[in-house]
file model36.cif (mmCIF, C-alpha atoms)
data_model
loop_
_atom_site.label_atom_id
_atom_site.label_comp_id
_atom_site.auth_asym_id
_atom_site.auth_seq_id
_atom_site.Cartn_x
_atom_site.Cartn_y
_atom_site.Cartn_z
CA MET P 1 -77.62 -137.33 66.58
CA PRO P 2 -76.43 -134.03 68.09
CA THR P 3 -76.76 -131.03 65.77
CA GLU P 4 -74.94 -128.44 67.90
CA ARG P 5 -71.24 -128.36 67.11
CA LEU P 6 -68.41 -126.88 69.13
CA SER P 7 -64.78 -126.38 68.23
CA LEU P 8 -62.10 -128.08 70.30
CA ALA P 9 -60.94 -124.66 71.49
CA GLN P 10 -64.46 -123.88 72.74
CA ALA P 11 -64.60 -127.20 74.57
CA ARG P 12 -61.29 -126.44 76.29
CA ARG P 13 -62.47 -123.03 77.44
CA ILE P 14 -65.74 -124.48 78.72
CA ALA P 15 -63.89 -127.16 80.69
CA LEU P 16 -61.39 -124.74 82.19
CA ALA P 17 -64.04 -122.18 83.12
CA ALA P 18 -66.13 -124.88 84.78
CA GLN P 19 -63.13 -125.75 86.95
CA GLY P 20 -62.62 -122.14 88.02
CA PHE P 21 -59.75 -121.10 85.79
CA ASN P 22 -61.69 -118.16 84.39
CA ASP P 23 -62.23 -116.79 87.91
CA ALA P 24 -59.91 -114.07 89.16
CA ARG P 25 -57.59 -115.17 91.93
CA PRO P 26 -58.02 -113.43 95.29
CA THR P 27 -55.90 -110.32 95.69
CA GLY P 28 -56.11 -110.12 99.47
CA ARG P 29 -56.29 -112.59 102.31
CA VAL P 30 -57.53 -116.01 101.24
CA ASP P 31 -60.06 -117.53 103.63
CA ARG P 32 -62.80 -120.16 103.92
CA ARG P 33 -65.04 -118.29 101.45
CA HIS P 34 -62.47 -118.68 98.70
CA PHE P 35 -61.97 -122.32 99.60
CA ARG P 36 -65.71 -122.91 99.29
CA ARG P 37 -65.80 -121.23 95.89
CA ALA P 38 -62.95 -123.39 94.58
CA LEU P 39 -64.48 -126.55 96.04
CA ASP P 40 -67.82 -125.68 94.46
CA ARG P 41 -66.07 -125.60 91.08
CA MET P 42 -64.31 -128.92 91.61
CA GLY P 43 -66.87 -130.76 93.72
CA ILE P 44 -64.27 -133.11 95.14
CA ILE P 45 -60.55 -132.97 95.88
CA GLN P 46 -58.56 -136.15 95.39
CA ILE P 47 -56.11 -137.05 98.15
CA ASP P 48 -52.63 -138.48 97.74
CA SER P 49 -49.99 -138.96 100.40
CA VAL P 50 -46.86 -138.30 98.29
CA ASN P 51 -45.16 -135.25 99.81
CA VAL P 52 -42.16 -134.64 97.59
CA LEU P 53 -43.61 -131.21 96.76
CA ALA P 54 -46.78 -130.78 98.85
CA ARG P 55 -49.70 -133.06 99.59
CA SER P 56 -51.55 -133.41 96.32
CA GLN P 57 -54.85 -132.10 97.71
CA GLU P 58 -53.21 -128.73 98.39
CA LEU P 59 -52.14 -128.18 94.79
CA PRO P 60 -55.59 -127.72 93.17
CA LEU P 61 -56.22 -124.87 95.62
CA PHE P 62 -52.89 -123.25 94.79
CA ALA P 63 -53.63 -123.57 91.06
CA ARG P 64 -56.95 -121.73 91.49
CA LEU P 65 -56.34 -119.42 94.45
CA GLY P 66 -52.59 -118.90 94.52
CA PRO P 67 -50.87 -118.74 97.92
CA HIS P 68 -53.29 -119.50 100.74
CA PRO P 69 -53.23 -120.70 104.34
CA ARG P 70 -52.27 -124.35 104.22
CA THR P 71 -54.69 -124.97 107.07
CA LEU P 72 -57.77 -124.39 104.89
CA ILE P 73 -58.39 -128.06 104.12
CA PRO P 74 -57.62 -129.57 107.55
CA ASP P 75 -59.64 -126.83 109.26
CA ALA P 76 -62.66 -127.51 107.04
CA ALA P 77 -62.32 -131.24 107.74
CA ARG P 78 -62.10 -130.73 111.50
CA ASP P 79 -65.16 -128.47 111.38
CA GLY P 80 -67.12 -131.19 109.58
CA GLU P 81 -67.61 -129.09 106.45
CA ILE P 82 -65.91 -131.69 104.28
CA PHE P 83 -65.47 -135.43 104.72
CA GLU P 84 -63.16 -138.05 103.30
CA TYR P 85 -64.48 -141.04 101.40
CA TRP P 86 -63.85 -143.24 98.36
CA VAL P 87 -65.34 -140.99 95.66
CA HIS P 88 -62.76 -140.44 92.91
CA ALA P 89 -60.31 -142.68 94.75
CA ALA P 90 -59.71 -141.24 98.24
CA SER P 91 -61.29 -137.80 98.10
CA LEU P 92 -62.65 -134.91 100.10
CA MET P 93 -66.25 -133.94 99.43
CA PRO P 94 -68.65 -131.40 100.98
CA SER P 95 -70.38 -133.04 103.93
CA GLU P 96 -73.73 -131.90 102.58
CA HIS P 97 -73.27 -134.57 99.88
CA HIS P 98 -72.68 -137.40 102.35
CA HIS P 99 -76.12 -138.82 101.56
CA LEU P 100 -75.09 -139.30 97.91
CA MET P 101 -72.44 -141.85 98.90
CA ARG P 102 -74.48 -143.97 101.32
CA TRP P 103 -75.44 -146.43 98.59
CA LYS P 104 -71.76 -147.39 98.42
CA MET P 105 -71.58 -147.75 102.19
CA THR P 106 -74.13 -150.55 102.01
CA ARG P 107 -72.11 -152.47 99.42
CA GLU P 108 -69.41 -155.02 100.02
CA HIS P 109 -65.92 -153.54 100.09
CA MET P 110 -64.25 -153.42 96.69
CA TRP P 111 -61.02 -155.00 97.98
CA SER P 112 -60.86 -158.76 98.38
CA GLY P 113 -58.52 -158.43 101.37
CA CYS P 114 -61.35 -156.86 103.38
CA ARG P 115 -63.68 -159.73 102.58
CA GLU P 116 -60.96 -162.26 103.36
CA LEU P 117 -60.39 -160.74 106.82
CA MET P 118 -64.07 -161.03 107.76
CA GLU P 119 -64.09 -164.68 106.71
CA ARG P 120 -60.84 -165.46 108.52
CA ARG P 121 -61.58 -163.50 111.71
CA PRO P 122 -65.36 -163.24 112.14
CA GLY P 123 -66.28 -160.64 114.73
CA TYR P 124 -62.92 -158.85 114.60
CA VAL P 125 -64.26 -155.79 112.77
CA ASP P 126 -66.95 -155.41 115.44
CA GLU P 127 -64.29 -155.66 118.15
CA VAL P 128 -62.39 -152.78 116.57
CA LEU P 129 -65.59 -150.73 116.39
CA ARG P 130 -66.24 -151.34 120.09
CA ARG P 131 -62.69 -150.19 120.86
CA ILE P 132 -63.39 -146.88 119.10
CA GLU P 133 -66.75 -146.52 120.85
CA VAL P 134 -65.07 -146.87 124.25
CA ASP P 135 -61.61 -145.38 123.79
CA GLY P 136 -62.26 -142.75 121.12
CA ALA P 137 -60.38 -141.87 117.95
CA ILE P 138 -57.51 -144.12 116.89
CA ALA P 139 -55.01 -144.48 114.08
CA ALA P 140 -54.16 -147.86 112.61
CA GLY P 141 -50.83 -147.88 114.42
CA ASP P 142 -52.58 -147.67 117.79
CA ILE P 143 -53.98 -151.19 117.42
CA SER P 144 -51.50 -152.67 114.99
CA GLU P 145 -50.70 -156.37 115.34
CA ARG P 146 -47.85 -156.23 112.88
CA VAL P 147 -44.73 -158.25 113.57
CA GLY P 148 -41.68 -157.05 111.68
CA PRO P 149 -41.24 -154.03 109.39
CA LYS P 150 -43.99 -152.70 107.15
CA GLY P 151 -43.64 -153.45 103.46
CA GLN P 152 -44.37 -151.13 100.56
CA TRP P 153 -47.53 -149.18 99.81
CA TRP P 154 -50.64 -151.30 100.52
CA ASP P 155 -49.06 -153.65 103.05
CA TRP P 156 -51.89 -153.51 105.61
CA ASP P 157 -52.19 -155.60 108.74
CA ASP P 158 -55.53 -156.84 110.07
CA ALA P 159 -56.11 -153.76 112.25
CA LYS P 160 -55.76 -151.40 109.30
CA VAL P 161 -58.00 -153.58 107.14
CA ALA P 162 -60.69 -153.64 109.85
CA LEU P 163 -60.60 -149.86 110.14
CA GLU P 164 -60.93 -149.55 106.37
CA VAL P 165 -63.97 -151.83 106.41
CA LEU P 166 -65.60 -149.59 109.02
CA PHE P 167 -64.60 -146.50 107.04
CA TRP P 168 -66.12 -147.94 103.85
CA ARG P 169 -69.36 -148.71 105.70
CA GLY P 170 -69.55 -145.16 107.07
CA ALA P 171 -69.54 -146.43 110.65
CA VAL P 172 -66.42 -144.37 111.23
CA SER P 173 -65.11 -141.27 109.51
CA ALA P 174 -61.55 -140.06 109.28
CA THR P 175 -59.49 -136.94 109.61
CA ARG P 176 -55.76 -136.74 108.89
CA ARG P 177 -52.99 -136.44 111.45
CA ASP P 178 -50.75 -133.44 110.77
CA SER P 179 -47.49 -135.15 111.63
CA ASP P 180 -47.60 -138.06 109.19
CA PHE P 181 -50.90 -137.67 107.30
CA ALA P 182 -52.21 -140.94 108.76
CA ARG P 183 -55.96 -141.40 108.95
CA VAL P 184 -57.42 -140.99 112.43
CA TYR P 185 -60.71 -142.88 112.73
CA ASP P 186 -63.62 -142.05 114.99
CA LEU P 187 -67.34 -142.70 115.07
CA SER P 188 -69.02 -140.72 112.30
CA GLU P 189 -71.34 -139.03 114.81
CA ARG P 190 -68.26 -137.62 116.54
CA VAL P 191 -66.75 -136.33 113.27
CA LEU P 192 -69.65 -135.13 111.11
CA PRO P 193 -72.38 -132.63 112.03
CA ALA P 194 -75.61 -134.16 113.31
CA GLU P 195 -77.63 -132.57 110.51
CA VAL P 196 -75.41 -134.26 107.90
CA LEU P 197 -76.03 -137.72 109.33
CA ALA P 198 -79.72 -136.95 109.88
CA ALA P 199 -80.29 -136.12 106.22
CA PRO P 200 -82.42 -138.85 104.61
CA ASP P 201 -80.72 -141.48 102.50
CA THR P 202 -80.94 -140.97 98.74
CA PRO P 203 -82.04 -144.03 96.75
CA GLU P 204 -79.13 -145.46 94.81
CA ARG P 205 -80.45 -144.68 91.35
CA ASP P 206 -81.26 -141.09 92.32
CA ALA P 207 -77.80 -140.71 93.86
CA HIS P 208 -76.13 -141.88 90.65
CA ARG P 209 -78.20 -139.49 88.59
CA THR P 210 -77.40 -136.55 90.88
CA LEU P 211 -73.69 -137.38 90.81
CA LEU P 212 -73.77 -137.57 87.01
CA ALA P 213 -75.41 -134.15 86.82
CA MET P 214 -72.81 -132.79 89.24
CA ALA P 215 -70.01 -134.22 87.11
CA ALA P 216 -71.45 -132.46 84.07
CA ARG P 217 -71.41 -129.15 85.94
CA HIS P 218 -67.86 -129.64 87.22
CA HIS P 219 -66.53 -130.67 83.80
CA GLY P 220 -68.69 -128.22 81.85
CA ILE P 221 -68.51 -130.53 78.89
CA GLY P 222 -67.50 -134.15 78.48
CA THR P 223 -68.21 -137.52 76.99
CA LEU P 224 -70.20 -140.04 78.98
CA ALA P 225 -66.92 -141.70 79.97
CA ASP P 226 -65.61 -138.36 81.28
CA LEU P 227 -68.72 -137.76 83.37
CA ALA P 228 -68.91 -141.33 84.71
CA ASP P 229 -65.26 -141.24 85.76
CA TYR P 230 -65.66 -138.09 87.88
CA HIS P 231 -67.23 -139.96 90.80
CA ARG P 232 -66.07 -143.38 89.57
CA GLN P 233 -69.49 -144.52 88.41
CA GLY P 234 -69.94 -147.36 85.96
CA LEU P 235 -70.61 -146.54 82.31
CA THR P 236 -73.45 -149.04 82.05
CA ARG P 237 -75.57 -147.46 84.76
CA CYS P 238 -74.83 -143.97 83.43
CA LYS P 239 -76.06 -144.64 79.88
CA ALA P 240 -79.72 -144.59 80.86
CA LEU P 241 -79.24 -141.73 83.30
CA ILE P 242 -77.62 -139.40 80.77
CA ARG P 243 -80.68 -139.71 78.54
CA GLU P 244 -82.82 -138.54 81.44
CA LEU P 245 -80.53 -135.55 82.03
CA VAL P 246 -80.84 -134.63 78.34
CA GLU P 247 -84.62 -134.95 78.40
CA GLU P 248 -84.99 -132.79 81.50
CA GLY P 249 -82.64 -130.13 80.09
CA THR P 250 -79.75 -130.46 82.54
CA VAL P 251 -77.33 -131.21 79.69
CA ARG P 252 -77.39 -130.90 75.91
CA GLU P 253 -75.90 -133.46 73.57
CA VAL P 254 -73.37 -131.79 71.28
CA GLN P 255 -70.57 -132.71 68.90
CA VAL P 256 -67.02 -131.54 69.61
CA GLU P 257 -64.51 -131.17 66.80
CA GLY P 258 -62.37 -134.29 66.53
CA TRP P 259 -64.26 -136.36 69.13
CA ASP P 260 -65.68 -139.70 68.06
CA GLU P 261 -68.19 -139.86 70.88
CA PRO P 262 -71.01 -137.37 71.53
CA ALA P 263 -70.39 -134.83 74.29
CA TYR P 264 -72.71 -133.49 76.95
CA LEU P 265 -72.73 -129.77 77.66
CA HIS P 266 -74.11 -128.59 80.99
CA THR P 267 -76.77 -125.98 80.32
CA GLU P 268 -75.22 -123.61 82.88
CA ALA P 269 -71.72 -123.90 81.42
CA ALA P 270 -70.07 -120.69 80.30
CA ILE P 271 -68.25 -120.44 76.96
CA PRO P 272 -65.73 -117.67 77.57
CA ARG P 273 -63.98 -115.99 74.66
CA ARG P 274 -60.63 -116.71 76.29
CA VAL P 275 -59.17 -118.18 79.46
CA ALA P 276 -56.07 -116.36 80.67
CA ALA P 277 -54.59 -118.69 83.25
CA THR P 278 -51.14 -120.05 84.01
CA ALA P 279 -51.11 -122.83 86.58
CA MET P 280 -49.23 -125.95 87.57
CA LEU P 281 -51.67 -128.81 88.07
CA SER P 282 -51.46 -131.70 90.48
CA PRO P 283 -51.33 -135.11 88.78
CA PHE P 284 -54.67 -135.62 90.55
CA ASP P 285 -56.33 -132.34 89.57
CA PRO P 286 -59.82 -132.84 88.09
CA VAL P 287 -58.65 -131.11 84.90
CA CYS P 288 -56.15 -133.86 84.14
CA TRP P 289 -56.90 -136.91 86.29
CA PHE P 290 -58.68 -138.82 83.47
CA ARG P 291 -55.91 -139.58 80.99
CA ALA P 292 -58.17 -140.34 78.00
CA ARG P 293 -59.77 -136.91 78.42
CA ASP P 294 -56.31 -135.27 78.57
CA GLU P 295 -55.51 -136.65 75.14
CA ARG P 296 -58.90 -135.91 73.62
CA LEU P 297 -59.31 -132.41 75.04
CA PHE P 298 -55.73 -131.15 75.21
CA ASP P 299 -53.76 -133.52 72.95
CA PHE P 300 -51.66 -134.17 76.06
CA HIS P 301 -50.27 -137.62 76.83
CA TYR P 302 -49.65 -137.90 80.56
CA ARG P 303 -48.66 -140.75 82.84
CA ILE P 304 -47.53 -140.65 86.47
CA GLU P 305 -43.98 -142.00 86.70
CA ILE P 306 -43.74 -142.33 90.49
CA TYR P 307 -43.84 -146.11 90.21
CA THR P 308 -41.48 -146.21 87.20
CA PRO P 309 -37.80 -147.00 87.95
CA ALA P 310 -35.75 -143.80 87.65
CA PRO P 311 -33.75 -144.86 84.56
CA LYS P 312 -36.99 -145.52 82.67
CA ARG P 313 -38.75 -142.25 83.48
CA THR P 314 -39.39 -139.90 80.59
CA TYR P 315 -40.03 -136.67 82.48
CA GLY P 316 -39.40 -137.29 86.18
CA TYR P 317 -40.77 -138.45 89.53
CA TYR P 318 -43.43 -135.85 90.41
CA VAL P 319 -44.39 -134.08 87.22
CA LEU P 320 -47.05 -131.38 87.10
CA PRO P 321 -48.81 -130.52 83.84
CA VAL P 322 -48.64 -126.79 83.08
CA LEU P 323 -51.82 -125.02 82.01
CA TRP P 324 -50.95 -122.12 79.71
CA ASN P 325 -52.63 -120.54 76.69
CA GLU P 326 -55.88 -122.43 77.36
CA THR P 327 -54.30 -125.85 77.11
CA LEU P 328 -51.81 -128.17 78.77
CA SER P 329 -48.65 -126.76 77.23
CA GLY P 330 -45.82 -128.28 79.24
CA ARG P 331 -44.74 -130.07 82.37
CA VAL P 332 -42.39 -129.50 85.30
CA ASP P 333 -40.78 -132.05 87.61
CA LEU P 334 -40.75 -130.37 91.02
CA LYS P 335 -39.29 -131.14 94.42
CA ALA P 336 -39.43 -129.12 97.63
CA ASP P 337 -35.95 -129.41 99.12
CA ARG P 338 -36.92 -128.33 102.62
CA HIS P 339 -33.47 -128.88 104.10
CA GLU P 340 -31.85 -126.47 101.63
CA GLY P 341 -34.85 -124.15 101.33
CA VAL P 342 -35.08 -124.65 97.56
CA LEU P 343 -37.89 -125.38 95.14
CA ARG P 344 -36.07 -127.58 92.64
CA VAL P 345 -37.26 -127.68 89.05
CA LEU P 346 -35.61 -130.98 88.15
CA GLY P 347 -36.99 -131.00 84.61
CA SER P 348 -39.05 -128.55 82.54
CA TYR P 349 -40.55 -129.24 79.14
CA THR P 350 -42.85 -127.71 76.55
CA GLU P 351 -45.26 -129.51 74.31
CA PRO P 352 -44.57 -129.43 70.53
CA GLY P 353 -45.16 -126.02 69.00
CA VAL P 354 -45.18 -124.11 72.30
CA ALA P 355 -43.07 -120.94 72.47
CA ALA P 356 -40.75 -121.71 75.37
CA PRO P 357 -39.59 -118.12 76.12
CA ALA P 358 -43.15 -116.79 76.30
CA MET P 359 -44.30 -119.67 78.47
CA ALA P 360 -41.29 -119.28 80.76
CA THR P 361 -42.13 -115.61 81.28
CA ASP P 362 -45.57 -116.51 82.61
CA LEU P 363 -44.48 -119.61 84.53
CA ALA P 364 -41.61 -117.99 86.45
CA PRO P 365 -43.88 -115.93 88.76
CA GLU P 366 -45.89 -119.08 89.53
CA LEU P 367 -42.74 -120.89 90.62
CA ARG P 368 -41.61 -117.97 92.77
CA SER P 369 -45.06 -117.78 94.33
CA MET P 370 -45.12 -121.53 95.02
CA ALA P 371 -41.68 -121.40 96.63
CA GLU P 372 -42.78 -118.61 98.96
CA TRP P 373 -46.03 -120.43 99.76
CA LEU P 374 -44.06 -123.54 100.74
CA GLY P 375 -41.69 -121.51 102.89
CA LEU P 376 -38.72 -121.98 100.55
CA GLU P 377 -36.14 -119.30 99.87
CA ARG P 378 -35.46 -119.69 96.17
CA VAL P 379 -36.06 -121.62 92.95
CA GLU P 380 -33.34 -123.56 91.19
CA VAL P 381 -33.73 -124.92 87.66
CA ALA P 382 -31.86 -128.01 86.50
CA ASP P 383 -30.79 -128.41 82.89
CA ARG P 384 -33.20 -131.17 81.88
CA GLY P 385 -35.77 -130.18 79.27
CA ASP P 386 -36.15 -127.58 76.54
CA LEU P 387 -37.84 -125.11 78.91
CA ALA P 388 -34.95 -125.05 81.39
CA ALA P 389 -32.79 -122.30 79.87
CA PRO P 390 -35.69 -119.91 79.10
CA LEU P 391 -37.13 -120.55 82.54
CA ARG P 392 -33.82 -119.83 84.24
CA ARG P 393 -33.54 -116.55 82.34
CA ALA P 394 -37.10 -115.59 83.23
CA LEU P 395 -36.49 -116.29 86.90
CA GLY P 396 -33.38 -114.13 86.85
CA SER P 397 -29.87 -115.48 87.07
CA ALA P 398 -28.96 -113.11 89.91
CA SER P 399 -31.27 -114.89 92.34
CA LEU P 400 -30.69 -118.45 91.22
CA ARG P 401 -28.10 -121.15 90.96
CA SER P 402 -28.33 -123.64 88.12
CA GLY P 403 -29.11 -127.07 89.56
CA ARG P 404 -28.50 -130.44 88.01
#

call {"tool": "encode", "arguments": {"input": "model36.cif", "output": "structure tokens"}}
result
Amino acid sequence: MPTERLSLAQARRIALAAQGFNDARPTGRVDRRHFRRALDRMGIIQIDSVNVLARSQELPLFARLGPHPRTLIPDAARDGEIFEYWVHAASLMPSEHHHLMRWKMTREHMWSGCRELMERRPGYVDEVLRRIEVDGAIAAGDISERVGPKGQWWDWDDAKVALEVLFWRGAVSATRRDSDFARVYDLSERVLPAEVLAAPDTPERDAHRTLLAMAARHHGIGTLADLADYHRQGLTRCKALIRELVEEGTVREVQVEGWDEPAYLHTEAAIPRRVAATAMLSPFDPVCWFRARDERLFDFHYRIEIYTPAPKRTYGYYVLPVLWNETLSGRVDLKADRHEGVLRVLGSYTEPGVAAPAMATDLAPELRSMAEWLGLERVEVADRGDLAAPLRRALGSASLRSGR
């Protein structure tokens, strides 16, 4: 049984510091060096295509670096410094870690539709690969066989499924098209640096162990479920591996106030006396993407309501948790109204016991900064939520119109 005990407040500060929220934001021009520092803290950046505010992968950088060139991520991808793969869902990861995902590339695809295609059209996936070899990079639409309009979300035709099979196998890699964020697939040797692909494969068990150790460093502290979820590894395989990490001194088993399960503290994790950060977090930020951890670490119940019919939503369509006072203290429903040049705060809420005026004072500059970063002229706050009136006052009534 662990003998070292930590308070919940200490665990929160450890977790936030590990993710870079105890680092000072850049005061001058933000460049690739700052991007690398933030990525080193997070390890991976989850991708999501919803663009009601900004692409989700941009928001973790804004939360940690503030305003920055929005070309940082696509430039790093085009240079082969990062690559996209199924890590924590669709994610970007440093290319130097490509070898840690090759075990997955040898496995059968996780989606039954991919297996069904190969049974129904044997040889078709190879035909698509030969097309890329000869003609070069393609998007799914370039070889689509669809008849009629596309349906919702995961309505893929055979061409898209074949490309995803090749992507899963690592035969092709993908960048994103600027105009519509579609994946553009090309042979991996034409996307990734030669030295990345030449790196020796890592045996599957060793890869899982390395990923688990990386998760511990990125989280700072977490239960086994927290660490396994980071790179979407199974709990069963991680149980034996965590014991090895304890024995070799990579992590220490500790007890956190109020947690039923033991926690694992990375030996390099800092325990700052305070974390002074105010940030709006993407729904897919590593700090809050594992909902059970949100509740255990921050007493914060969070669910994405994008797929919930509007009348049944509690907080809104695209709601960002607000980090303030070392915890998740509120949430804002944001929309970039590009036609009107307005960052719309459609709803703004505090958690129980949070001082709304004080939080609004710190949050207002973040909203102004985000609006400027997105090329919007002003911020407008709708009436929904207990934070709305204090936030409108903090932003300054002279420069705003009350939205609804």

call {"tool": "closest_residue", "arguments": {"input": "model36.cif", "among": "P:Pro283, P:Pro352, P:Ala139, P:Tyr317", "to": "Tyr302 (chain P)", "atoms": "all atoms listed in the file"}}
result
P:Pro283

call {"tool": "closest_residue", "arguments": {"input": "model36.cif", "among": "P:Trp289, P:Trp168, P:Trp103, P:Tyr307", "to": "Pro200 (chain P)", "atoms": "only C-alpha atoms"}}
result
P:Trp103

call {"tool": "closest_residue", "arguments": {"input": "model36.cif", "among": "P:Ile45, P:Cys288, P:Ala360, P:Val184", "to": "Leu395 (chain P)", "atoms": "all atoms listed in the file"}}
result
P:Ala360

call {"tool": "residues_around", "arguments": {"input": "model36.cif", "residues": "Ala358 (chain P)", "least_positions_apart": "2", "cutoff": "12 Å", "atoms": "all atoms listed in the file", "output": "list of chain:residue names"}}
result
P:Thr278, P:Trp324, P:Asn325, P:Ser329, P:Thr350, P:Gly353, P:Val354, P:Ala355, P:Ala356, P:Ala360, P:Thr361, P:Asp362, P:Leu363, P:Ala364, P:Leu387, P:Pro390, P:Leu391, P:Arg393, P:Ala394

call {"tool": "closest_residue", "arguments": {"input": "model36.cif", "among": "P:Pro286, P:Pro203, P:Gly316, P:Gly396", "to": "Glu380 (chain P)", "atoms": "only C-alpha atoms"}}
result
P:Gly396

call {"tool": "residues_around", "arguments": {"input": "model36.cif", "residues": "region 38-42 of chain P", "least_positions_apart": "3", "cutoff": "12 Å", "atoms": "all atoms listed in the file", "output": "NGL selection string"}}
result
:P and (15-26 or 30-35 or 45-46 or 57-66 or 72-73 or 76 or 81-82 or 88 or 91-97 or 214-220 or 230-231 or 269 or 284-287)

call {"tool": "closest_residue", "arguments": {"input": "model36.cif", "among": "P:Ala310, P:Ala270, P:Ala89, P:Ala336", "to": "Asn51 (chain P)", "atoms": "only C-alpha atoms"}}
result
P:Ala336

call {"tool": "closest_residue", "arguments": {"input": "model36.cif", "among": "P:Val191, P:Leu245, P:Ala11, P:Val50", "to": "Ile306 (chain P)", "atoms": "all atoms listed in the file"}}
result
P:Val50
